[in-house]
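Shown next: input01.cif, containing mmCIF, C-alpha atoms.
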```cif
data_data
#
loop_
_atom_site.group_PDB
_atom_site.id
_atom_site.type_symbol
_atom_site.label_atom_id
_atom_site.label_comp_id
_atom_site.auth_asym_id
_atom_site.auth_seq_id
_atom_site.Cartn_x
_atom_site.Cartn_y
_atom_site.Cartn_z
ATOM 1 C CA MET A 9 38.437 180.272 -134.495
ATOM 2 C CA ALA A 10 37.663 180.203 -138.214
ATOM 3 C CA LEU A 11 36.897 183.537 -139.779
ATOM 4 C CA ASP A 12 33.317 183.905 -140.965
ATOM 5 C CA TRP A 13 33.809 185.700 -144.262
ATOM 6 C CA PHE A 14 30.063 185.897 -144.850
ATOM 7 C CA LYS A 15 29.091 187.353 -141.472
ATOM 8 C CA ARG A 16 26.762 190.225 -142.266
ATOM 9 C CA VAL A 17 27.654 193.860 -141.763
ATOM 10 C CA GLU A 18 25.160 196.663 -141.922
ATOM 11 C CA SER A 19 24.892 197.971 -145.448
ATOM 12 C CA SER A 20 25.257 201.668 -146.176
ATOM 13 C CA LYS A 21 24.801 203.667 -149.350
ATOM 14 C CA GLY A 22 27.780 205.789 -148.369
ATOM 15 C CA LEU A 23 31.424 205.457 -149.236
ATOM 16 C CA PHE A 24 33.960 203.905 -146.925
ATOM 17 C CA ALA A 25 36.574 206.357 -145.695
ATOM 18 C CA VAL A 26 39.292 204.728 -147.800
ATOM 19 C CA GLU A 27 37.136 205.149 -150.909
ATOM 20 C CA ARG A 28 36.507 208.797 -150.133
ATOM 21 C CA ILE A 29 40.179 209.629 -149.777
ATOM 22 C CA SER A 30 40.964 207.643 -152.929
ATOM 23 C CA LEU A 31 38.393 209.621 -154.897
ATOM 24 C CA ILE A 32 39.808 212.869 -153.499
ATOM 25 C CA TYR A 33 43.318 211.904 -154.633
ATOM 26 C CA ASN A 34 41.884 210.850 -157.990
ATOM 27 C CA ALA A 35 40.228 214.270 -158.362
ATOM 28 C CA ILE A 36 43.391 216.178 -157.387
ATOM 29 C CA THR A 37 45.558 214.347 -159.911
ATOM 30 C CA THR A 38 42.860 214.600 -162.578
ATOM 31 C CA LEU A 39 42.924 218.374 -162.137
ATOM 32 C CA LEU A 40 46.721 218.310 -162.477
ATOM 33 C CA ILE A 41 46.412 216.375 -165.735
ATOM 34 C CA VAL A 42 44.020 218.980 -167.093
ATOM 35 C CA LEU A 43 46.359 221.821 -166.080
ATOM 36 C CA LEU A 44 49.457 220.096 -167.527
ATOM 37 C CA PHE A 45 47.662 218.427 -170.444
ATOM 38 C CA SER A 46 49.823 219.820 -173.261
ATOM 39 C CA ARG A 47 53.070 218.807 -171.521
ATOM 40 C CA MET A 48 52.129 215.264 -170.515
ATOM 41 C CA ASP A 49 53.075 212.119 -172.390
ATOM 42 C CA HIS A 50 49.700 210.337 -172.460
ATOM 43 C CA PRO A 51 47.095 212.449 -170.640
ATOM 44 C CA VAL A 52 44.054 210.945 -172.389
ATOM 45 C CA SER A 53 44.844 207.384 -171.295
ATOM 46 C CA MET A 54 45.544 208.636 -167.760
ATOM 47 C CA LEU A 55 42.110 210.277 -167.644
ATOM 48 C CA VAL A 56 40.470 207.123 -168.981
ATOM 49 C CA GLU A 57 42.254 204.995 -166.363
ATOM 50 C CA ARG A 58 41.051 207.328 -163.597
ATOM 51 C CA ALA A 59 37.497 207.073 -164.878
ATOM 52 C CA GLY A 60 37.850 203.281 -164.812
ATOM 53 C CA ILE A 61 38.989 203.368 -161.177
ATOM 54 C CA VAL A 62 35.954 205.477 -160.265
ATOM 55 C CA ALA A 63 33.635 203.110 -162.153
ATOM 56 C CA LEU A 64 35.075 200.033 -160.415
ATOM 57 C CA THR A 65 34.788 201.757 -157.018
ATOM 58 C CA PHE A 66 31.061 202.333 -157.474
ATOM 59 C CA ALA A 67 30.554 198.849 -158.941
ATOM 60 C CA LEU A 68 32.010 197.377 -155.735
ATOM 61 C CA ILE A 69 29.741 199.623 -153.649
ATOM 62 C CA TYR A 70 26.772 198.176 -155.545
ATOM 63 C CA LEU A 71 28.072 194.631 -154.905
ATOM 64 C CA TYR A 72 28.406 195.384 -151.208
ATOM 65 C CA GLN A 73 24.874 196.767 -151.004
ATOM 66 C CA LYS A 74 23.557 193.568 -152.613
ATOM 67 C CA TYR A 75 25.690 191.279 -150.445
ATOM 68 C CA PRO A 76 26.725 193.142 -147.256
ATOM 69 C CA CYS A 77 29.201 190.851 -145.507
ATOM 70 C CA ARG A 78 32.792 190.777 -144.326
ATOM 71 C CA LEU A 79 33.990 189.445 -147.674
ATOM 72 C CA SER A 80 32.426 192.201 -149.786
ATOM 73 C CA ALA A 81 33.618 194.837 -147.285
ATOM 74 C CA PHE A 82 37.134 193.396 -147.446
ATOM 75 C CA ILE A 83 37.068 193.390 -151.247
ATOM 76 C CA ARG A 84 36.045 197.060 -151.358
ATOM 77 C CA MET A 85 38.953 198.165 -149.192
ATOM 78 C CA ALA A 86 41.486 195.677 -150.544
ATOM 79 C CA VAL A 87 40.835 196.903 -154.082
ATOM 80 C CA GLN A 88 41.558 200.497 -153.047
ATOM 81 C CA MET A 89 44.803 199.362 -151.457
ATOM 82 C CA SER A 90 45.712 197.379 -154.583
ATOM 83 C CA PHE A 91 45.287 200.539 -156.677
ATOM 84 C CA LEU A 92 48.378 201.895 -154.910
ATOM 85 C CA ALA A 93 50.400 199.817 -157.372
ATOM 86 C CA TYR A 94 48.924 202.058 -160.077
ATOM 87 C CA TRP A 95 49.207 205.353 -158.212
ATOM 88 C CA TYR A 96 52.902 204.936 -157.357
ATOM 89 C CA PRO A 97 54.414 204.930 -160.892
ATOM 90 C CA ASP A 98 51.770 207.504 -161.814
ATOM 91 C CA THR A 99 53.685 210.090 -159.744
ATOM 92 C CA PHE A 100 56.497 209.877 -162.297
ATOM 93 C CA GLU A 101 54.175 211.101 -165.039
ATOM 94 C CA PHE A 102 53.944 214.417 -163.174
ATOM 95 C CA ASN A 103 57.349 214.957 -161.585
ATOM 96 C CA ARG A 104 59.197 214.127 -164.802
ATOM 97 C CA LEU A 105 57.951 217.505 -166.064
ATOM 98 C CA PHE A 106 59.727 219.445 -163.307
ATOM 99 C CA PRO A 107 63.476 220.066 -162.837
ATOM 100 C CA ASN A 108 65.137 217.212 -161.000
ATOM 101 C CA LEU A 109 66.427 218.023 -157.494
ATOM 102 C CA ASP A 110 68.861 215.150 -156.897
ATOM 103 C CA HIS A 111 71.901 217.416 -157.146
ATOM 104 C CA LEU A 112 70.677 219.313 -154.072
ATOM 105 C CA PHE A 113 70.121 216.139 -152.068
ATOM 106 C CA ALA A 114 73.421 214.538 -153.085
ATOM 107 C CA SER A 115 75.214 217.776 -152.181
ATOM 108 C CA ALA A 116 73.446 217.901 -148.818
ATOM 109 C CA GLU A 117 74.385 214.256 -148.233
ATOM 110 C CA GLN A 118 78.031 215.057 -148.941
ATOM 111 C CA ALA A 119 77.979 218.112 -146.693
ATOM 112 C CA LEU A 120 76.355 216.271 -143.786
ATOM 113 C CA PHE A 121 78.282 213.005 -143.880
ATOM 114 C CA GLY A 122 81.435 213.818 -145.839
ATOM 115 C CA CYS A 123 80.641 211.019 -148.282
ATOM 116 C CA GLN A 124 77.827 209.312 -150.146
ATOM 117 C CA PRO A 125 76.529 206.730 -147.627
ATOM 118 C CA ALA A 126 74.750 204.807 -150.402
ATOM 119 C CA VAL A 127 78.152 204.178 -152.032
ATOM 120 C CA GLU A 128 80.133 203.652 -148.839
ATOM 121 C CA PHE A 129 77.602 201.256 -147.284
ATOM 122 C CA MET A 130 77.690 198.975 -150.311
ATOM 123 C CA ASN A 131 81.502 199.062 -150.439
ATOM 124 C CA LEU A 132 81.709 198.372 -146.698
ATOM 125 C CA CYS A 133 79.500 195.266 -146.943
ATOM 126 C CA PRO A 134 80.307 193.757 -150.348
ATOM 127 C CA ASP A 135 79.298 190.222 -149.481
ATOM 128 C CA ILE A 136 76.270 188.081 -150.217
ATOM 129 C CA TRP A 137 75.851 187.513 -146.467
ATOM 130 C CA PHE A 138 74.953 191.195 -146.228
ATOM 131 C CA SER A 139 73.251 191.517 -149.603
ATOM 132 C CA GLU A 140 70.708 188.752 -149.095
ATOM 133 C CA PRO A 141 69.404 189.824 -145.645
ATOM 134 C CA PHE A 142 69.116 193.451 -146.775
ATOM 135 C CA ASN A 143 67.342 192.487 -149.992
ATOM 136 C CA MET A 144 65.076 190.186 -147.984
ATOM 137 C CA GLY A 145 64.168 193.132 -145.754
ATOM 138 C CA TYR A 146 63.482 195.342 -148.760
ATOM 139 C CA PHE A 147 61.349 192.649 -150.401
ATOM 140 C CA ALA A 148 59.412 192.200 -147.137
ATOM 141 C CA TYR A 149 57.805 195.637 -147.573
ATOM 142 C CA TYR A 150 54.582 194.466 -149.204
ATOM 143 C CA PRO A 151 54.272 191.284 -147.094
ATOM 144 C CA MET A 152 54.518 193.557 -144.028
ATOM 145 C CA ILE A 153 51.642 195.674 -145.341
ATOM 146 C CA ALA A 154 49.597 192.547 -146.020
ATOM 147 C CA ALA A 155 50.378 191.063 -142.590
ATOM 148 C CA VAL A 156 49.216 194.137 -140.674
ATOM 149 C CA ALA A 157 46.131 194.697 -142.848
ATOM 150 C CA ILE A 158 45.060 191.052 -142.579
ATOM 151 C CA TYR A 159 45.648 191.033 -138.814
ATOM 152 C CA TYR A 160 43.318 194.004 -138.421
ATOM 153 C CA PHE A 161 40.719 192.351 -140.652
ATOM 154 C CA VAL A 162 40.806 189.016 -138.816
ATOM 155 C CA PHE A 163 41.312 190.105 -135.204
ATOM 156 C CA ARG A 164 40.309 193.785 -135.064
ATOM 157 C CA PHE A 165 37.587 193.957 -137.683
ATOM 158 C CA GLU A 166 35.960 196.937 -135.984
ATOM 159 C CA TRP A 167 39.177 198.912 -136.629
ATOM 160 C CA PHE A 168 39.790 197.606 -140.144
ATOM 161 C CA GLU A 169 38.252 200.593 -141.929
ATOM 162 C CA LYS A 170 40.358 203.021 -139.906
ATOM 163 C CA ALA A 171 43.537 200.981 -140.467
ATOM 164 C CA SER A 172 42.889 200.857 -144.220
ATOM 165 C CA PHE A 173 42.241 204.589 -144.300
ATOM 166 C CA VAL A 174 45.409 205.439 -142.385
ATOM 167 C CA LEU A 175 47.525 203.270 -144.688
ATOM 168 C CA VAL A 176 46.064 204.508 -147.967
ATOM 169 C CA THR A 177 46.018 208.154 -146.854
ATOM 170 C CA SER A 178 49.655 207.887 -145.786
ATOM 171 C CA PHE A 179 50.583 206.594 -149.238
ATOM 172 C CA PHE A 180 48.656 209.415 -150.926
ATOM 173 C CA ILE A 181 50.389 212.066 -148.820
ATOM 174 C CA TYR A 182 53.745 210.636 -149.840
ATOM 175 C CA TYR A 183 52.647 210.495 -153.494
ATOM 176 C CA LEU A 184 51.681 214.167 -153.455
ATOM 177 C CA ILE A 185 55.125 215.002 -152.085
ATOM 178 C CA TYR A 186 56.755 212.954 -154.849
ATOM 179 C CA ILE A 187 54.789 214.775 -157.538
ATOM 180 C CA PHE A 188 56.091 218.171 -156.458
ATOM 181 C CA VAL A 189 59.531 217.169 -155.086
ATOM 182 C CA PRO A 190 61.151 215.279 -157.982
ATOM 183 C CA VAL A 191 64.020 213.301 -156.450
ATOM 184 C CA ALA A 192 64.983 210.006 -158.105
ATOM 185 C CA GLY A 193 67.583 208.659 -155.665
ATOM 186 C CA PRO A 194 71.165 207.413 -156.142
ATOM 187 C CA GLN A 195 70.248 204.375 -158.250
ATOM 188 C CA PHE A 196 68.956 206.705 -160.965
ATOM 189 C CA TYR A 197 70.930 209.897 -160.372
ATOM 190 C CA PHE A 198 74.419 208.396 -160.123
ATOM 191 C CA PRO A 199 74.237 206.651 -163.542
ATOM 192 C CA ALA A 200 72.868 209.892 -164.997
ATOM 193 C CA ILE A 201 75.916 211.978 -163.977
ATOM 194 C CA GLY A 202 78.477 209.148 -163.980
ATOM 195 C CA MET A 203 80.349 207.670 -161.037
ATOM 196 C CA ASP A 204 83.418 209.770 -161.887
ATOM 197 C CA ASN A 205 81.410 212.895 -161.044
ATOM 198 C CA VAL A 206 80.054 211.252 -157.895
ATOM 199 C CA MET A 207 83.569 210.419 -156.683
ATOM 200 C CA ALA A 208 84.712 213.952 -157.562
ATOM 201 C CA GLU A 209 81.771 215.394 -155.577
ATOM 202 C CA ASN A 210 80.566 217.110 -158.743
ATOM 203 C CA PHE A 211 76.804 216.826 -158.406
ATOM 204 C CA LEU A 212 75.380 218.168 -161.637
ATOM 205 C CA SER A 213 71.927 219.610 -162.163
ATOM 206 C CA ILE A 214 70.281 217.480 -164.847
ATOM 207 C CA GLY A 215 67.020 219.394 -165.347
ATOM 208 C CA ASP A 216 64.331 217.233 -166.948
ATOM 209 C CA TYR A 217 66.764 214.422 -167.841
ATOM 210 C CA PHE A 218 64.423 211.793 -166.397
ATOM 211 C CA ASN A 219 61.637 212.902 -168.679
ATOM 212 C CA HIS A 220 63.467 210.945 -171.388
ATOM 213 C CA ASN A 221 65.783 208.566 -169.502
ATOM 214 C CA ASP A 222 65.265 206.002 -166.756
ATOM 215 C CA VAL A 223 68.540 204.070 -166.437
ATOM 216 C CA LEU A 224 68.568 202.121 -163.166
ATOM 217 C CA LEU A 225 71.803 201.294 -161.326
ATOM 218 C CA PRO A 226 71.816 197.622 -160.254
ATOM 219 C CA GLY A 227 72.108 196.893 -156.559
ATOM 220 C CA PRO A 228 75.121 195.083 -155.030
ATOM 221 C CA ASP A 229 75.788 192.436 -157.651
ATOM 222 C CA PHE A 230 75.182 188.972 -156.205
ATOM 223 C CA GLU A 231 73.116 187.410 -158.952
ATOM 224 C CA GLN A 232 73.008 184.023 -157.262
ATOM 225 C CA GLY A 233 71.037 185.504 -154.357
ATOM 226 C CA LEU A 234 67.305 184.714 -154.343
ATOM 227 C CA PHE A 235 66.208 187.971 -152.713
ATOM 228 C CA TYR A 236 68.610 189.968 -154.864
ATOM 229 C CA GLN A 237 66.873 188.529 -157.915
ATOM 230 C CA LEU A 238 63.413 189.214 -156.491
ATOM 231 C CA VAL A 239 64.247 192.856 -155.710
ATOM 232 C CA GLU A 240 65.927 193.444 -159.064
ATOM 233 C CA THR A 241 62.996 191.918 -160.940
ATOM 234 C CA SER A 242 60.426 193.950 -159.032
ATOM 235 C CA GLN A 243 62.408 197.140 -159.626
ATOM 236 C CA GLU A 244 62.780 196.452 -163.331
ATOM 237 C CA VAL A 245 59.015 196.023 -163.586
ATOM 238 C CA GLY A 246 57.697 198.772 -161.326
ATOM 239 C CA GLU A 247 60.450 201.210 -160.367
ATOM 240 C CA ARG A 248 60.601 204.730 -161.806
ATOM 241 C CA PRO A 249 62.893 207.743 -161.218
ATOM 242 C CA THR A 250 60.600 209.043 -158.521
ATOM 243 C CA ALA A 251 59.702 208.771 -154.846
ATOM 244 C CA ALA A 252 63.112 209.143 -153.213
ATOM 245 C CA PHE A 253 62.403 211.882 -150.658
ATOM 246 C CA PRO A 254 61.244 211.037 -148.096
ATOM 247 C CA SER A 255 61.529 207.259 -148.247
ATOM 248 C CA SER A 256 58.012 205.831 -148.274
ATOM 249 C CA HIS A 257 59.486 202.372 -147.656
ATOM 250 C CA VAL A 258 60.820 203.666 -144.341
ATOM 251 C CA GLY A 259 57.800 205.901 -143.668
ATOM 252 C CA ILE A 260 55.066 203.359 -144.401
ATOM 253 C CA SER A 261 56.896 200.526 -142.628
ATOM 254 C CA THR A 262 57.286 202.792 -139.573
ATOM 255 C CA ILE A 263 53.535 203.469 -139.655
ATOM 256 C CA LEU A 264 52.965 199.709 -139.917
ATOM 257 C CA MET A 265 55.091 199.178 -136.814
ATOM 258 C CA ILE A 266 53.048 201.778 -134.919
ATOM 259 C CA MET A 267 49.820 200.096 -136.023
ATOM 260 C CA ALA A 268 51.130 196.660 -135.074
ATOM 261 C CA TRP A 269 52.307 197.897 -131.667
ATOM 262 C CA ARG A 270 48.842 199.250 -130.911
ATOM 263 C CA VAL A 271 47.062 195.935 -131.401
ATOM 264 C CA ASN A 272 49.566 193.153 -130.806
ATOM 265 C CA ARG A 273 53.084 193.510 -129.401
ATOM 266 C CA LYS A 274 54.038 190.029 -130.636
ATOM 267 C CA LEU A 275 53.115 191.035 -134.186
ATOM 268 C CA CYS A 276 55.270 194.139 -133.799
ATOM 269 C CA TYR A 277 58.236 192.152 -132.446
ATOM 270 C CA GLY A 278 57.842 189.615 -135.250
ATOM 271 C CA LEU A 279 58.031 192.355 -137.889
ATOM 272 C CA MET A 280 60.918 194.185 -136.201
ATOM 273 C CA PRO A 281 63.814 192.280 -137.881
ATOM 274 C CA PHE A 282 62.306 192.848 -141.317
ATOM 275 C CA TYR A 283 61.727 196.516 -140.485
ATOM 276 C CA ALA A 284 65.349 197.010 -139.398
ATOM 277 C CA LEU A 285 66.695 195.279 -142.498
ATOM 278 C CA LEU A 286 64.351 197.288 -144.730
ATOM 279 C CA CYS A 287 65.517 200.620 -143.309
ATOM 280 C CA CYS A 288 69.141 199.640 -143.911
ATOM 281 C CA ALA A 289 68.395 198.177 -147.349
ATOM 282 C CA THR A 290 66.982 201.416 -148.747
ATOM 283 C CA VAL A 291 70.492 202.913 -148.563
ATOM 284 C CA TYR A 292 72.408 199.678 -149.201
ATOM 285 C CA ILE A 293 70.741 199.012 -152.570
ATOM 286 C CA GLN A 294 71.106 202.738 -153.370
ATOM 287 C CA ALA A 295 67.382 203.385 -153.681
ATOM 288 C CA HIS A 296 67.667 206.316 -151.246
ATOM 289 C CA TYR A 297 70.018 208.848 -149.742
ATOM 290 C CA LEU A 298 70.515 208.519 -145.998
ATOM 291 C CA ILE A 299 68.658 211.799 -145.458
ATOM 292 C CA ASP A 300 65.652 210.179 -147.141
ATOM 293 C CA VAL A 301 65.636 207.579 -144.360
ATOM 294 C CA PHE A 302 65.742 210.214 -141.621
ATOM 295 C CA ALA A 303 62.959 212.095 -143.386
ATOM 296 C CA GLY A 304 61.014 208.839 -143.634
ATOM 297 C CA TRP A 305 61.127 208.342 -139.857
ATOM 298 C CA ILE A 306 60.114 211.921 -139.086
ATOM 299 C CA SER A 307 57.395 212.100 -141.740
ATOM 300 C CA ALA A 308 55.939 208.753 -140.634
ATOM 301 C CA VAL A 309 55.084 210.067 -137.181
ATOM 302 C CA CYS A 310 53.657 213.298 -138.588
ATOM 303 C CA ILE A 311 51.630 211.536 -141.297
ATOM 304 C CA TYR A 312 50.305 208.913 -138.880
ATOM 305 C CA ILE A 313 49.070 211.643 -136.526
ATOM 306 C CA LEU A 314 47.585 213.625 -139.425
ATOM 307 C CA SER A 315 45.836 210.682 -141.104
ATOM 308 C CA THR A 316 44.427 209.468 -137.766
ATOM 309 C CA TRP A 317 43.136 212.967 -137.063
ATOM 310 C CA MET A 318 41.604 213.165 -140.551
ATOM 311 C CA TYR A 319 39.757 209.899 -140.003
ATOM 312 C CA LYS A 320 38.386 210.923 -136.615
ATOM 313 C CA ARG A 321 37.515 214.451 -137.724
ATOM 314 C CA TRP A 322 36.061 213.895 -141.185
ATOM 315 C CA PHE A 323 35.396 210.253 -141.921
ATOM 316 C CA ALA A 324 34.598 208.276 -138.774
ATOM 317 C CA SER A 325 31.001 207.162 -138.947
ATOM 318 C CA ARG A 326 28.639 204.294 -138.310
ATOM 319 C CA ASP A 327 28.660 203.341 -141.992
ATOM 320 C CA PHE A 328 30.793 200.289 -141.308
ATOM 321 C CA ARG A 329 30.029 198.007 -138.385
ATOM 322 C CA LEU A 330 29.218 194.439 -137.610
ATOM 323 C CA VAL A 331 25.669 193.303 -137.094
ATOM 324 C CA LEU A 332 26.266 191.196 -134.011
ATOM 325 C CA ASP A 333 22.762 189.780 -133.642
ATOM 326 C CA VAL A 334 22.513 187.812 -136.888
#
```
Can the structure from this file be put into structure tokens for me?
Amino acid sequence: MALDWFKRVESSKGLFAVERISLIYNAITTLLIVLLFSRMDHPVSMLVERAGIVALTFALIYLYQKYPCRLSAFIRMAVQMSFLAYWYPDTFEFNRLFPNLDHLFASAEQALFGCQPAVEFMNLCPDIWFSEPFNMGYFAYYPMIAAVAIYYFVFRFEWFEKASFVLVTSFFIYYLIYIFVPVAGPQFYFPAIGMDNVMAENFLSIGDYFNHNDVLLPGPDFEQGLFYQLVETSQEVGERPTAAFPSSHVGISTILMIMAWRVNRKLCYGLMPFYALLCCATVYIQAHYLIDVFAGWISAVCIYILSTWMYKRWFASRDFRLVLDV
């Protein structure tokens, strides 16, 4: 059955839940900018950008009130989800001001496993037949988000607002952690201290090194691989020395699997190979320590429960529903 993009929904002057949580996160980080103003690199432009996000949010609310249909509702929530591409690197602007903690995580990794799994995994599988599937899994992260969100919109429209809220809120919880727990991950930390120190288990404290440096260690070097090139290009464009602990790639993809399982087991099974490859890839390409992956699994369950509770307790309303008799 073709999707009726222009099927009317009841208009409301209120905010959707995903817009409310986005404005709350915007306000929290705006307050942080004000408090850290003298130490930040470009606080004025960050404040202007936040004001622009608020202005666009209310412009889309006005559009929806003029033309209340599935399409305008989708645009409102899709735009908030697209802003995540802005909010992610934004965490670096805060955590770069605090002492880096990678030496503690690398030391814990060594103590727990007797090695650096991010190094050993790559050395154990130094072939393009491993590199390409793992990079494909890592690159599948955003398509997985799109697949689950679109499925909810097309087949479970009555749950679409909740699904959007849970996803965006989960990202924001991770982003708040990244602001106050500055861990860059092996691909940034190892080049900073040198591989000789890594091999000698000499994990140096580097303070605010990443406030002025952002050297990225390339993944397993198979330049002829399509997915290797796609991952490397995306990292060169959008990656920052931030967001290592816990792994949001693992955490968010785990939440996606829970959401898929709840509405369509076939969708969940279809995403499973990409999910498994993604979880392995985070360590293989040295984006994360292995403990980041474990923390990603644990935090995903906790954050999913919390964000679902937040929606039911604070944001669930009759603001967003289909008008079935038109």
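If you look at CA of Leu234 in chain A and CA of Met144 in chain A, they are 8.7 Å away from each other.
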- Item | range 201-210 of chain A surroundings by all atoms listed in the file, 12 Å radius, close-in-sequence under 5 positions cut, as number ranges by chain | A: 110-112, 114-119, 122-128, 194-196, 215, 217-218, 223, 225
Could you turn the residues from that selection into a file that holds C-alpha atoms, as an mmCIF file, in the frame of the given file?
```cif
data_model
loop_
_atom_site.group_PDB
_atom_site.id
_atom_site.type_symbol
_atom_site.label_atom_id
_atom_site.label_comp_id
_atom_site.auth_asym_id
_atom_site.auth_seq_id
_atom_site.Cartn_x
_atom_site.Cartn_y
_atom_site.Cartn_z
ATOM 1 C CA ASP A 110 68.861 215.150 -156.897
ATOM 2 C CA HIS A 111 71.901 217.416 -157.146
ATOM 3 C CA LEU A 112 70.677 219.313 -154.072
ATOM 4 C CA ALA A 114 73.421 214.538 -153.085
ATOM 5 C CA SER A 115 75.214 217.776 -152.181
ATOM 6 C CA ALA A 116 73.446 217.901 -148.818
ATOM 7 C CA GLU A 117 74.385 214.256 -148.233
ATOM 8 C CA GLN A 118 78.031 215.057 -148.941
ATOM 9 C CA ALA A 119 77.979 218.112 -146.693
ATOM 10 C CA GLY A 122 81.435 213.818 -145.839
ATOM 11 C CA CYS A 123 80.641 211.019 -148.282
ATOM 12 C CA GLN A 124 77.827 209.312 -150.146
ATOM 13 C CA PRO A 125 76.529 206.730 -147.627
ATOM 14 C CA ALA A 126 74.750 204.807 -150.402
ATOM 15 C CA VAL A 127 78.152 204.178 -152.032
ATOM 16 C CA GLU A 128 80.133 203.652 -148.839
ATOM 17 C CA PRO A 194 71.165 207.413 -156.142
ATOM 18 C CA GLN A 195 70.248 204.375 -158.250
ATOM 19 C CA PHE A 196 68.956 206.705 -160.965
ATOM 20 C CA GLY A 215 67.020 219.394 -165.347
ATOM 21 C CA TYR A 217 66.764 214.422 -167.841
ATOM 22 C CA PHE A 218 64.423 211.793 -166.397
ATOM 23 C CA VAL A 223 68.540 204.070 -166.437
ATOM 24 C CA LEU A 225 71.803 201.294 -161.326
#
```
- Query: Using all atoms listed in the file, which residues sit within 8 Å of range 52-62 of chain A once same-chain residues fewer than 4 positions away are excluded, as a PyMOL selection string?
  - Reply: chain A and resi 31+34+38+41+66
Could you write out that same residue set with C-alpha atoms as a compact mmCIF listing (two decimals), in the coordinates of the input?
```
# COMPACT_ATOMS: atom_id res chain seq x y z
CA LEU A 31 38.39 209.62 -154.90
CA ASN A 34 41.88 210.85 -157.99
CA THR A 38 42.86 214.60 -162.58
CA ILE A 41 46.41 216.38 -165.74
CA PHE A 66 31.06 202.33 -157.47
```
- Asp300 in chain A surroundings by all atoms listed in the file, 12 Å radius, close-in-sequence under 6 positions cut, as a ChimeraX atom specification: /A:110,113-114,116-117,125-126,191-194,251-259,287-288,290-291,294,306-308
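When the PyMOL selection byres ((chain A and resi 263) around 9) is evaluated against the file, it yields Val174, Leu175, Ser178, Val258, Gly259, Ile260, Ser261, Thr262, Leu264, Met265, Ile266, Met267, Ala268, Ala308, Val309, Ile311 and Tyr312 of chain A.
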Can range 297-308 of chain A be brought up to N, CA and C atoms and written out as a PDB file, in the coordinates of the input?
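Output file out-v1.pdb follows:
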```pdb
ATOM      1  N   TYR A 297      68.970 208.189-150.518  1.00  0.00           N
ATOM      2  CA  TYR A 297      70.018 208.848-149.742  1.00  0.00           C
ATOM      3  C   TYR A 297      69.713 208.606-148.262  1.00  0.00           C
ATOM      4  N   LEU A 298      70.724 208.724-147.427  1.00  0.00           N
ATOM      5  CA  LEU A 298      70.515 208.519-145.998  1.00  0.00           C
ATOM      6  C   LEU A 298      69.550 209.560-145.426  1.00  0.00           C
ATOM      7  N   ILE A 299      69.591 210.779-145.951  1.00  0.00           N
ATOM      8  CA  ILE A 299      68.658 211.799-145.458  1.00  0.00           C
ATOM      9  C   ILE A 299      67.216 211.446-145.793  1.00  0.00           C
ATOM     10  N   ASP A 300      67.013 210.643-146.827  1.00  0.00           N
ATOM     11  CA  ASP A 300      65.652 210.179-147.141  1.00  0.00           C
ATOM     12  C   ASP A 300      65.124 209.276-146.031  1.00  0.00           C
ATOM     13  N   VAL A 301      66.020 208.483-145.453  1.00  0.00           N
ATOM     14  CA  VAL A 301      65.636 207.579-144.360  1.00  0.00           C
ATOM     15  C   VAL A 301      65.243 208.383-143.126  1.00  0.00           C
ATOM     16  N   PHE A 302      66.076 209.368-142.769  1.00  0.00           N
ATOM     17  CA  PHE A 302      65.742 210.214-141.621  1.00  0.00           C
ATOM     18  C   PHE A 302      64.407 210.929-141.853  1.00  0.00           C
ATOM     19  N   ALA A 303      64.214 211.428-143.064  1.00  0.00           N
ATOM     20  CA  ALA A 303      62.959 212.095-143.386  1.00  0.00           C
ATOM     21  C   ALA A 303      61.790 211.114-143.354  1.00  0.00           C
ATOM     22  N   GLY A 304      62.051 209.859-143.704  1.00  0.00           N
ATOM     23  CA  GLY A 304      61.014 208.839-143.634  1.00  0.00           C
ATOM     24  C   GLY A 304      60.552 208.600-142.211  1.00  0.00           C
ATOM     25  N   TRP A 305      61.492 208.538-141.273  1.00  0.00           N
ATOM     26  CA  TRP A 305      61.127 208.342-139.857  1.00  0.00           C
ATOM     27  C   TRP A 305      60.313 209.522-139.328  1.00  0.00           C
ATOM     28  N   ILE A 306      60.792 210.732-139.604  1.00  0.00           N
ATOM     29  CA  ILE A 306      60.114 211.921-139.086  1.00  0.00           C
ATOM     30  C   ILE A 306      58.733 212.078-139.719  1.00  0.00           C
ATOM     31  N   SER A 307      58.673 211.927-141.042  1.00  0.00           N
ATOM     32  CA  SER A 307      57.395 212.100-141.740  1.00  0.00           C
ATOM     33  C   SER A 307      56.389 211.039-141.331  1.00  0.00           C
ATOM     34  N   ALA A 308      56.860 209.838-141.016  1.00  0.00           N
ATOM     35  CA  ALA A 308      55.939 208.753-140.634  1.00  0.00           C
ATOM     36  C   ALA A 308      55.127 209.129-139.411  1.00  0.00           C
TER      37      ALA A 308
END
```
